[in-house]
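One structure below.
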Amino acid sequence: MSNKYAYNVPINGVSYGSSSIAILREIYKRGLSPCVFPIGGQIDLSAQKDDQDFNLWLQSCVNKASKYHKREDWSFRLWHISQSMESVSKKQALYCFHETDQATEEEINIINNQDVCFVSSKYTKEVFDECGAKNVIYAPLGFDDYNFYKTNKNYLNPDITTWNLIGKWELRKCTEKILKLWVKRFGNDRKYQLNCLVFNHFLTPEVNQGLVNQALEGKRIWNINFFSWLKTNAEVNDLLNAGDINIGGLSSLEGFNLPLFNSLCLGKWAVVLDAHVHKDYCNDKNSFLVPATGKTVAHDGIFFHKDVQKFNQGNWFTFDDDAAIAAFEKALEKAKERNVEGEKLKEEFSYPKMVDKILNYIG
């Protein structure tokens, strides 16, 4: 297996960076030593558990990259489609996430200028294929067992059912809608608690607080905890373990939805919109499914702009409020039981399997 390829990936604590680090950690375990070009030129491992051997290996891969990478070598890039046209390599592999039901001509052109494009979702592959993309390979993310694991701690009174809503506040993720539905059914009821890790770091603290105030209509709901930011994966792991039921799975379209996936792998239950990537790993044995009822235009005026940009055009899925609340009620019946079927996902979806697919092309 060759070391003659480069990884051009973000290395930080957000979702793209965490996925990239998990891939690199698997490469490290295999004794390989590729060139690494961090996107943005920065290495931030502060969210990870300390591993000096891995850190030194990564730094050595970065240090040698400009000296040894050749134009004839493969380049693997995990990044946004819109920023993935340029490369110094003749052989290019792109790993991307997509969050609408359509692909623009610009997106397809960029994908078709890659030698191979890896995607995290069967739904994304279907969308790209239908729009004329070539060489698209389904290679889903896996469970990051270095950072996420059962703690077996007691976090709250066991009589309290704890719900988790995790993922940056967005219209696409239905954050406000989910929050309002939960408050309608469980707000200010001492038998239930909701933990929200929904701070959107692309927005100011004032805007984030304004979104919360708007969703709660200025009311004080004392059984909801809002976390502005958790600095480490260990803290996120505690939050996942503290929850009984994840409701972030009601997001209207995702590239993968790691908080939901990780929760299921830890044996937690979830209320899930039965659409897009969720169909890859959620079913009626490990989740409480809410059917999609239609679609809405992908436009929020912040990240998605209808008809005024060349990327991120299309629609998202919708769901019925009453159906979601009915799924909440069903989830309550299982809340304190171990989700055995959910735990099986970490065997089916793993970074070794993902990296096998990548190296089958560039290794």
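Within each chain, counting starts at residue 1; across the structure tokens, chains are named A, B, ... in the order shown, with ligands numbered 1 upward in that order.
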
Could you make a table, as CSV, of the residues of stretch 36-92 of chain A that have an atom within 12 Å of an atom of stretch 135-151 of chain A, each with its nearest atom pair and distance in Å to one decimal, counting only C-alpha atoms, in chain and number order?
```
residue,atom,partner,partner_atom,distance
A:Ala47,CA,A:Asn147,CA,9.3
A:Gln48,CA,A:Asn147,CA,7.0
A:Lys49,CA,A:Asn147,CA,7.1
A:Asp50,CA,A:Asn147,CA,10.6
A:Asp51,CA,A:Tyr146,CA,10.4
A:Leu78,CA,A:Leu141,CA,11.8
A:Gln92,CA,A:Asn135,CA,11.6
```

May I have the residues from that selection written out with C-alpha atoms, as a PDB file, in the first residue's frame?
```pdb
ATOM      1  CA  ALA A  47     -11.327  18.879  21.410  1.00  0.00           C
ATOM      2  CA  GLN A  48      -9.615  15.474  21.276  1.00  0.00           C
ATOM      3  CA  LYS A  49      -8.296  13.325  24.104  1.00  0.00           C
ATOM      4  CA  ASP A  50      -4.535  13.843  24.243  1.00  0.00           C
ATOM      5  CA  ASP A  51      -2.517  11.297  22.263  1.00  0.00           C
ATOM      6  CA  LEU A  78     -12.823  16.460   2.611  1.00  0.00           C
ATOM      7  CA  GLN A  92      -8.245  14.141  -7.162  1.00  0.00           C
TER       8      GLN A  92
END
```

* Asked: Contacts of A:Val272 at 10 Å or less, counting only C-alpha atoms, minus same-chain residues fewer than 6 places along, as a ChimeraX atom specification?
  -> /A:246-252,260,278-279,282-284,286-291,324,327-328

Okay, now the selection with N, CA, C and O atoms, as a compact mmCIF listing (two decimals), in the first residue's frame?
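Dumped to again_21.txt:
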```txt
# COMPACT_ATOMS: atom_id res chain seq x y z
N ASN A 246 -32.85 11.16 21.68
CA ASN A 246 -32.36 12.22 20.81
C ASN A 246 -33.51 12.66 19.88
O ASN A 246 -34.17 11.82 19.28
N ILE A 247 -33.74 13.98 19.77
CA ILE A 247 -34.80 14.46 18.88
C ILE A 247 -34.24 15.31 17.74
O ILE A 247 -35.00 15.86 16.93
N GLY A 248 -32.90 15.39 17.64
CA GLY A 248 -32.28 16.10 16.52
C GLY A 248 -32.45 15.36 15.21
O GLY A 248 -32.16 15.91 14.13
N GLY A 249 -32.95 14.12 15.28
CA GLY A 249 -33.19 13.34 14.07
C GLY A 249 -34.39 13.82 13.28
O GLY A 249 -34.69 13.27 12.21
N LEU A 250 -35.08 14.86 13.75
CA LEU A 250 -36.18 15.44 12.99
C LEU A 250 -35.69 16.49 12.00
O LEU A 250 -36.49 17.18 11.37
N SER A 251 -34.38 16.60 11.85
CA SER A 251 -33.80 17.52 10.88
C SER A 251 -34.31 17.20 9.47
O SER A 251 -34.43 16.04 9.08
N SER A 252 -34.58 18.25 8.69
CA SER A 252 -35.23 18.05 7.39
C SER A 252 -34.31 17.58 6.28
O SER A 252 -34.79 17.08 5.26
N LEU A 260 -27.04 12.34 16.11
CA LEU A 260 -28.06 11.31 16.10
C LEU A 260 -27.42 9.93 16.00
O LEU A 260 -27.74 9.02 16.78
N HIS A 278 -31.04 9.52 6.99
CA HIS A 278 -31.55 8.76 8.12
C HIS A 278 -31.98 7.34 7.71
O HIS A 278 -31.90 6.41 8.52
N LYS A 279 -32.40 7.17 6.47
CA LYS A 279 -32.81 5.85 6.00
C LYS A 279 -31.63 4.88 5.93
O LYS A 279 -31.83 3.66 5.90
N CYS A 282 -31.29 4.35 10.26
CA CYS A 282 -32.43 4.36 11.18
C CYS A 282 -33.55 3.48 10.62
O CYS A 282 -33.84 3.50 9.43
N ASN A 283 -34.16 2.71 11.49
CA ASN A 283 -35.29 1.86 11.09
C ASN A 283 -36.24 1.73 12.27
O ASN A 283 -35.99 2.29 13.35
N ASP A 284 -37.32 0.97 12.08
CA ASP A 284 -38.33 0.89 13.13
C ASP A 284 -37.91 0.03 14.31
O ASP A 284 -38.65 -0.09 15.29
N ASN A 286 -34.68 0.54 15.73
CA ASN A 286 -33.76 1.34 16.56
C ASN A 286 -34.21 2.79 16.75
O ASN A 286 -33.56 3.55 17.47
N SER A 287 -35.30 3.18 16.09
CA SER A 287 -35.75 4.57 16.14
C SER A 287 -37.28 4.64 16.07
O SER A 287 -37.94 3.66 15.70
N PHE A 288 -37.80 5.80 16.40
CA PHE A 288 -39.23 6.06 16.26
C PHE A 288 -39.39 7.01 15.08
O PHE A 288 -39.02 8.19 15.16
N LEU A 289 -39.88 6.45 13.98
CA LEU A 289 -39.85 7.14 12.70
C LEU A 289 -41.07 8.03 12.49
O LEU A 289 -42.20 7.65 12.79
N VAL A 290 -40.80 9.20 11.94
CA VAL A 290 -41.84 10.16 11.58
C VAL A 290 -41.82 10.29 10.06
O VAL A 290 -40.78 10.64 9.49
N PRO A 291 -42.92 10.01 9.37
CA PRO A 291 -42.90 10.06 7.90
C PRO A 291 -42.77 11.48 7.38
O PRO A 291 -43.26 12.43 7.99
N ALA A 324 -44.97 13.97 14.95
CA ALA A 324 -43.75 14.08 15.76
C ALA A 324 -44.07 13.90 17.24
O ALA A 324 -43.37 13.17 17.96
N ALA A 327 -44.71 10.39 18.06
CA ALA A 327 -43.45 9.64 18.15
C ALA A 327 -42.75 9.91 19.48
O ALA A 327 -42.12 9.02 20.06
N PHE A 328 -42.86 11.15 19.99
CA PHE A 328 -42.34 11.45 21.33
C PHE A 328 -42.96 10.51 22.36
O PHE A 328 -42.26 9.96 23.22
```

* To do: Just the strand (DSSP E or B) stuff from stretch 182-354 of chain A, please, per backbone DSSP, written as a PyMOL selection string.
  => chain A and resi 192-197+224-226+245-246+269-274+288-297+315-319+350

Writer output for current selection, N, CA and C atoms, as an mmCIF file, in the first residue's frame:
```cif
data_model
loop_
_atom_site.group_PDB
_atom_site.id
_atom_site.type_symbol
_atom_site.label_atom_id
_atom_site.label_comp_id
_atom_site.auth_asym_id
_atom_site.auth_seq_id
_atom_site.Cartn_x
_atom_site.Cartn_y
_atom_site.Cartn_z
ATOM 1 N N TYR A 192 -39.482 15.688 33.030
ATOM 2 C CA TYR A 192 -38.724 15.693 31.769
ATOM 3 C C TYR A 192 -37.708 16.826 31.760
ATOM 4 N N GLN A 193 -36.612 16.601 31.040
ATOM 5 C CA GLN A 193 -35.606 17.642 30.863
ATOM 6 C C GLN A 193 -35.094 17.589 29.435
ATOM 7 N N LEU A 194 -34.843 18.764 28.854
ATOM 8 C CA LEU A 194 -34.280 18.860 27.510
ATOM 9 C C LEU A 194 -32.939 19.565 27.573
ATOM 10 N N ASN A 195 -31.908 18.910 27.039
ATOM 11 C CA ASN A 195 -30.587 19.520 26.914
ATOM 12 C C ASN A 195 -30.383 19.946 25.467
ATOM 13 N N CYS A 196 -30.084 21.216 25.256
ATOM 14 C CA CYS A 196 -29.913 21.758 23.907
ATOM 15 C C CYS A 196 -28.481 22.228 23.680
ATOM 16 N N LEU A 197 -27.808 21.596 22.763
ATOM 17 C CA LEU A 197 -26.496 22.059 22.313
ATOM 18 C C LEU A 197 -26.700 22.535 20.874
ATOM 19 N N ILE A 224 -35.430 23.242 30.489
ATOM 20 C CA ILE A 224 -34.551 23.197 29.317
ATOM 21 C C ILE A 224 -33.205 23.799 29.689
ATOM 22 N N ASN A 225 -32.129 23.082 29.359
ATOM 23 C CA ASN A 225 -30.775 23.588 29.541
ATOM 24 C C ASN A 225 -30.178 23.924 28.181
ATOM 25 N N PHE A 226 -29.676 25.146 28.025
ATOM 26 C CA PHE A 226 -29.005 25.545 26.786
ATOM 27 C C PHE A 226 -27.506 25.637 27.037
ATOM 28 N N ILE A 245 -33.252 10.156 24.998
ATOM 29 C CA ILE A 245 -33.876 10.223 23.678
ATOM 30 C C ILE A 245 -33.301 11.413 22.907
ATOM 31 N N ASN A 246 -32.850 11.159 21.683
ATOM 32 C CA ASN A 246 -32.365 12.223 20.806
ATOM 33 C C ASN A 246 -33.510 12.660 19.880
ATOM 34 N N TRP A 269 -32.247 6.084 22.400
ATOM 35 C CA TRP A 269 -33.350 6.068 21.454
ATOM 36 C C TRP A 269 -33.431 7.407 20.723
ATOM 37 N N ALA A 270 -34.182 7.427 19.627
ATOM 38 C CA ALA A 270 -34.270 8.656 18.842
ATOM 39 C C ALA A 270 -35.606 8.747 18.125
ATOM 40 N N VAL A 271 -36.076 9.981 18.000
ATOM 41 C CA VAL A 271 -37.231 10.291 17.158
ATOM 42 C C VAL A 271 -36.662 10.867 15.870
ATOM 43 N N VAL A 272 -37.018 10.242 14.730
ATOM 44 C CA VAL A 272 -36.275 10.482 13.497
ATOM 45 C C VAL A 272 -37.213 10.709 12.312
ATOM 46 N N LEU A 273 -36.897 11.721 11.507
ATOM 47 C CA LEU A 273 -37.597 11.904 10.239
ATOM 48 C C LEU A 273 -37.150 10.803 9.282
ATOM 49 N N ASP A 274 -38.107 10.067 8.766
ATOM 50 C CA ASP A 274 -37.804 8.907 7.913
ATOM 51 C C ASP A 274 -37.540 9.369 6.482
ATOM 52 N N PHE A 288 -37.800 5.796 16.402
ATOM 53 C CA PHE A 288 -39.229 6.057 16.262
ATOM 54 C C PHE A 288 -39.390 7.005 15.075
ATOM 55 N N LEU A 289 -39.883 6.453 13.984
ATOM 56 C CA LEU A 289 -39.855 7.135 12.699
ATOM 57 C C LEU A 289 -41.072 8.029 12.488
ATOM 58 N N VAL A 290 -40.798 9.201 11.941
ATOM 59 C CA VAL A 290 -41.844 10.157 11.580
ATOM 60 C C VAL A 290 -41.819 10.292 10.060
ATOM 61 N N PRO A 291 -42.918 10.009 9.373
ATOM 62 C CA PRO A 291 -42.899 10.056 7.904
ATOM 63 C C PRO A 291 -42.766 11.480 7.379
ATOM 64 N N ALA A 292 -42.079 11.622 6.253
ATOM 65 C CA ALA A 292 -42.018 12.907 5.561
ATOM 66 C C ALA A 292 -43.366 13.146 4.876
ATOM 67 N N THR A 293 -43.833 14.388 4.910
ATOM 68 C CA THR A 293 -45.140 14.719 4.330
ATOM 69 C C THR A 293 -45.023 15.518 3.042
ATOM 70 N N GLY A 294 -43.864 16.029 2.753
ATOM 71 C CA GLY A 294 -43.683 16.845 1.558
ATOM 72 C C GLY A 294 -42.324 17.501 1.576
ATOM 73 N N LYS A 295 -42.200 18.618 0.862
ATOM 74 C CA LYS A 295 -40.931 19.338 0.802
ATOM 75 C C LYS A 295 -41.171 20.835 0.885
ATOM 76 N N THR A 296 -40.121 21.545 1.282
ATOM 77 C CA THR A 296 -40.155 23.000 1.330
ATOM 78 C C THR A 296 -38.872 23.531 0.703
ATOM 79 N N VAL A 297 -38.913 24.720 0.167
ATOM 80 C CA VAL A 297 -37.757 25.297 -0.521
ATOM 81 C C VAL A 297 -36.613 25.515 0.467
ATOM 82 N N ASN A 315 -34.622 21.624 -2.228
ATOM 83 C CA ASN A 315 -35.686 21.544 -1.226
ATOM 84 C C ASN A 315 -35.262 20.668 -0.047
ATOM 85 N N TRP A 316 -36.014 20.819 1.051
ATOM 86 C CA TRP A 316 -35.864 19.972 2.230
ATOM 87 C C TRP A 316 -37.178 19.252 2.488
ATOM 88 N N PHE A 317 -37.120 18.206 3.299
ATOM 89 C CA PHE A 317 -38.325 17.449 3.650
ATOM 90 C C PHE A 317 -39.076 18.120 4.796
ATOM 91 N N THR A 318 -40.376 17.851 4.870
ATOM 92 C CA THR A 318 -41.212 18.375 5.948
ATOM 93 C C THR A 318 -41.893 17.217 6.682
ATOM 94 N N PHE A 319 -42.436 17.515 7.866
ATOM 95 C CA PHE A 319 -43.164 16.502 8.635
ATOM 96 C C PHE A 319 -44.308 17.150 9.396
ATOM 97 N N SER A 350 -18.186 1.962 10.371
ATOM 98 C CA SER A 350 -16.940 2.162 11.105
ATOM 99 C C SER A 350 -15.929 2.900 10.234
#
```

Residues of stretch 75-135 of chain A that have any atom at most 9 Å from an atom of stretch 8-16 of chain A: could you tabulate them with the shortest-distance atom pair and the distance in Å to one decimal, using only C-alpha atoms, ordered by chain and increasing number, as a Markdown table?
```
| residue | atom | partner | partner_atom | distance |
| --- | --- | --- | --- | --- |
| A:Ser75 | CA | A:Asn8 | CA | 6.9 |
| A:Phe76 | CA | A:Asn8 | CA | 5.9 |
| A:Arg77 | CA | A:Asn8 | CA | 4.7 |
| A:Leu78 | CA | A:Val9 | CA | 5.2 |
| A:Trp79 | CA | A:Val9 | CA | 6.8 |
```

* To do: Please identify which residues in stretch 106-225 of chain A DSSP calls helix (DSSP H, G or I) from the backbone, and express them as a PyMOL selection string.
  => chain A and resi 106-112+122-130+175-186+205-215

* To do: Calculate how many Å separate atom CA of A:Leu179 from atom CA of A:Leu216, rounding to one decimal.
  => 8.1 Å

* **Coordinates-based distance that separates atom CA of A:Tyr5 from atom CA of A:Lys64 (Å, one decimal)** =>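 Between atom CA of A:Lys64 and atom CA of A:Tyr5 the gap works out to 12.1 Å.
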
* Pick out the closest residue to A:Ala242 from this set: A:Asn312, A:Ser228, A:Ser263, A:Asn113. Count only C-alpha atoms. =>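 Closest to A:Ala242 of all the choices is A:Ser263.
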
* To do: Between A:Asp73, A:Glu86, A:Asp53, A:Asp321, single out the one closest to A:Pro34, counting only C-alpha atoms.
  =>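 Among A:Asp73, A:Glu86, A:Asp53, A:Asp321, it is A:Asp73 that comes nearest to A:Pro34.
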
* To do: Please identify all polymer residues within 10 Å of A:Ser120, counting only C-alpha atoms, omitting same-chain residues fewer than 2 positions from it, and present them as a list in words.
  =>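 Residues meeting the cut-off are Tyr95, Cys96, Phe97, His98, Phe118, Lys122, Tyr123, Thr124, Lys125, Ile137, Tyr138, Ala139, Pro140, Leu141, Gly142, Glu254, Gly255, Phe256, Asn257, Val277, Asp280 and Met354 of chain A.
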
* Point-to-point distance in Å for atom CA of A:Glu170 and atom CA of A:Ile23 ->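 We find that atom CA of A:Ile23 and atom CA of A:Glu170 lie 26.8 Å from each other.
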
* To do: For stretch 300-304 of chain A, work out the shell of residues within 10 Å, counting only C-alpha atoms and skipping chain neighbours fewer than 4 positions away, then give it as a ChimeraX atom specification.
  => /A:99-100,170-172,202-203,308-309,311-314

For the selection just defined, write its residues with all heavy atoms to a file, as a CSV table (one decimal), in the first residue's frame.
```csv
chain,number,residue,atom,x,y,z
A,99,GLU,N,-26.9,18.8,1.2
A,99,GLU,CA,-28.0,19.0,2.1
A,99,GLU,C,-29.3,19.5,1.4
A,99,GLU,O,-30.1,20.3,2.0
A,99,GLU,CB,-27.6,19.9,3.3
A,99,GLU,CG,-26.5,19.3,4.1
A,99,GLU,CD,-25.8,20.3,5.0
A,99,GLU,OE1,-25.9,21.5,4.7
A,99,GLU,OE2,-25.1,19.8,6.0
A,100,THR,N,-29.5,19.2,0.1
A,100,THR,CA,-30.7,19.5,-0.6
A,100,THR,C,-31.1,18.3,-1.5
A,100,THR,O,-30.3,17.3,-1.6
A,100,THR,CB,-30.6,20.8,-1.4
A,100,THR,OG1,-29.8,20.5,-2.6
A,100,THR,CG2,-30.1,21.9,-0.6
A,170,GLU,N,-30.4,25.9,12.9
A,170,GLU,CA,-30.6,26.2,11.5
A,170,GLU,C,-32.1,25.9,11.2
A,170,GLU,O,-32.7,25.0,11.8
A,170,GLU,CB,-29.8,25.3,10.6
A,170,GLU,CG,-28.3,25.7,10.4
A,170,GLU,CD,-27.7,24.9,9.3
A,170,GLU,OE1,-28.1,25.0,8.1
A,170,GLU,OE2,-26.7,24.2,9.6
A,171,LEU,N,-32.6,26.6,10.2
A,171,LEU,CA,-33.9,26.3,9.7
A,171,LEU,C,-33.9,24.9,9.1
A,171,LEU,O,-34.9,24.1,9.2
A,171,LEU,CB,-34.3,27.3,8.6
A,171,LEU,CG,-35.7,27.2,8.0
A,171,LEU,CD1,-36.8,27.3,9.1
A,171,LEU,CD2,-35.9,28.2,6.9
A,172,ARG,N,-32.8,24.5,8.4
A,172,ARG,CA,-32.7,23.1,7.8
A,172,ARG,C,-32.9,22.1,8.8
A,172,ARG,O,-33.4,21.0,8.6
A,172,ARG,CB,-31.4,23.0,7.0
A,172,ARG,CG,-31.1,21.6,6.6
A,172,ARG,CD,-29.7,21.6,5.8
A,172,ARG,NE,-28.6,22.0,6.7
A,172,ARG,CZ,-28.0,21.2,7.5
A,172,ARG,NH1,-28.4,19.9,7.6
A,172,ARG,NH2,-27.0,21.6,8.3
A,202,PHE,N,-21.5,30.3,13.8
A,202,PHE,CA,-21.4,31.2,12.6
A,202,PHE,C,-22.2,32.5,12.9
A,202,PHE,O,-22.1,33.4,12.1
A,202,PHE,CB,-21.9,30.5,11.4
A,202,PHE,CG,-21.1,29.4,10.9
A,202,PHE,CD1,-21.5,28.1,11.0
A,202,PHE,CD2,-19.9,29.6,10.2
A,202,PHE,CE1,-20.7,27.0,10.6
A,202,PHE,CE2,-19.1,28.6,9.8
A,202,PHE,CZ,-19.5,27.3,9.9
A,203,LEU,N,-23.0,32.5,14.0
A,203,LEU,CA,-23.8,33.6,14.4
A,203,LEU,C,-23.3,34.2,15.7
A,203,LEU,O,-22.6,33.5,16.5
A,203,LEU,CB,-25.2,33.2,14.5
A,203,LEU,CG,-25.9,32.5,13.3
A,203,LEU,CD1,-27.3,32.0,13.7
A,203,LEU,CD2,-25.9,33.3,12.1
A,308,VAL,N,-30.2,32.7,-5.8
A,308,VAL,CA,-29.2,33.8,-5.9
A,308,VAL,C,-27.8,33.3,-5.7
A,308,VAL,O,-26.9,34.1,-5.6
A,308,VAL,CB,-29.5,34.9,-4.8
A,308,VAL,CG1,-30.8,35.5,-5.1
A,308,VAL,CG2,-29.5,34.3,-3.4
A,309,GLN,N,-27.6,32.0,-5.7
A,309,GLN,CA,-26.2,31.5,-5.7
A,309,GLN,C,-26.1,30.2,-6.5
A,309,GLN,O,-27.1,29.6,-6.9
A,309,GLN,CB,-25.8,31.2,-4.2
A,309,GLN,CG,-26.7,30.2,-3.5
A,309,GLN,CD,-26.2,30.1,-2.0
A,309,GLN,OE1,-25.5,30.9,-1.5
A,309,GLN,NE2,-26.6,29.0,-1.4
A,311,PHE,N,-24.8,27.3,-5.6
A,311,PHE,CA,-24.7,26.1,-4.8
A,311,PHE,C,-25.9,26.0,-3.8
A,311,PHE,O,-26.5,27.0,-3.5
A,311,PHE,CB,-23.4,26.1,-4.0
A,311,PHE,CG,-22.2,26.2,-5.0
A,311,PHE,CD1,-21.6,27.4,-5.3
A,311,PHE,CD2,-21.6,25.1,-5.5
A,311,PHE,CE1,-20.5,27.5,-6.1
A,311,PHE,CE2,-20.5,25.2,-6.4
A,311,PHE,CZ,-20.0,26.4,-6.7
A,312,ASN,N,-26.1,24.8,-3.3
A,312,ASN,CA,-27.1,24.6,-2.2
A,312,ASN,C,-28.5,25.1,-2.6
A,312,ASN,O,-29.2,25.7,-1.9
A,312,ASN,CB,-26.7,25.4,-0.9
A,312,ASN,CG,-25.4,24.8,-0.4
A,312,ASN,OD1,-25.1,23.7,-0.4
A,312,ASN,ND2,-24.6,25.7,0.2
A,313,GLN,N,-28.9,24.7,-3.8
A,313,GLN,CA,-30.3,24.9,-4.3
A,313,GLN,C,-31.1,23.7,-4.2
A,313,GLN,O,-30.6,22.6,-4.2
A,313,GLN,CB,-30.2,25.4,-5.7
A,313,GLN,CG,-29.4,26.6,-6.0
A,313,GLN,CD,-30.0,27.9,-5.3
A,313,GLN,OE1,-31.1,28.3,-5.5
A,313,GLN,NE2,-29.2,28.5,-4.4
A,314,GLY,N,-32.4,23.8,-4.0
A,314,GLY,CA,-33.3,22.7,-3.9
A,314,GLY,C,-34.3,22.8,-2.8
A,314,GLY,O,-34.8,23.9,-2.5
```
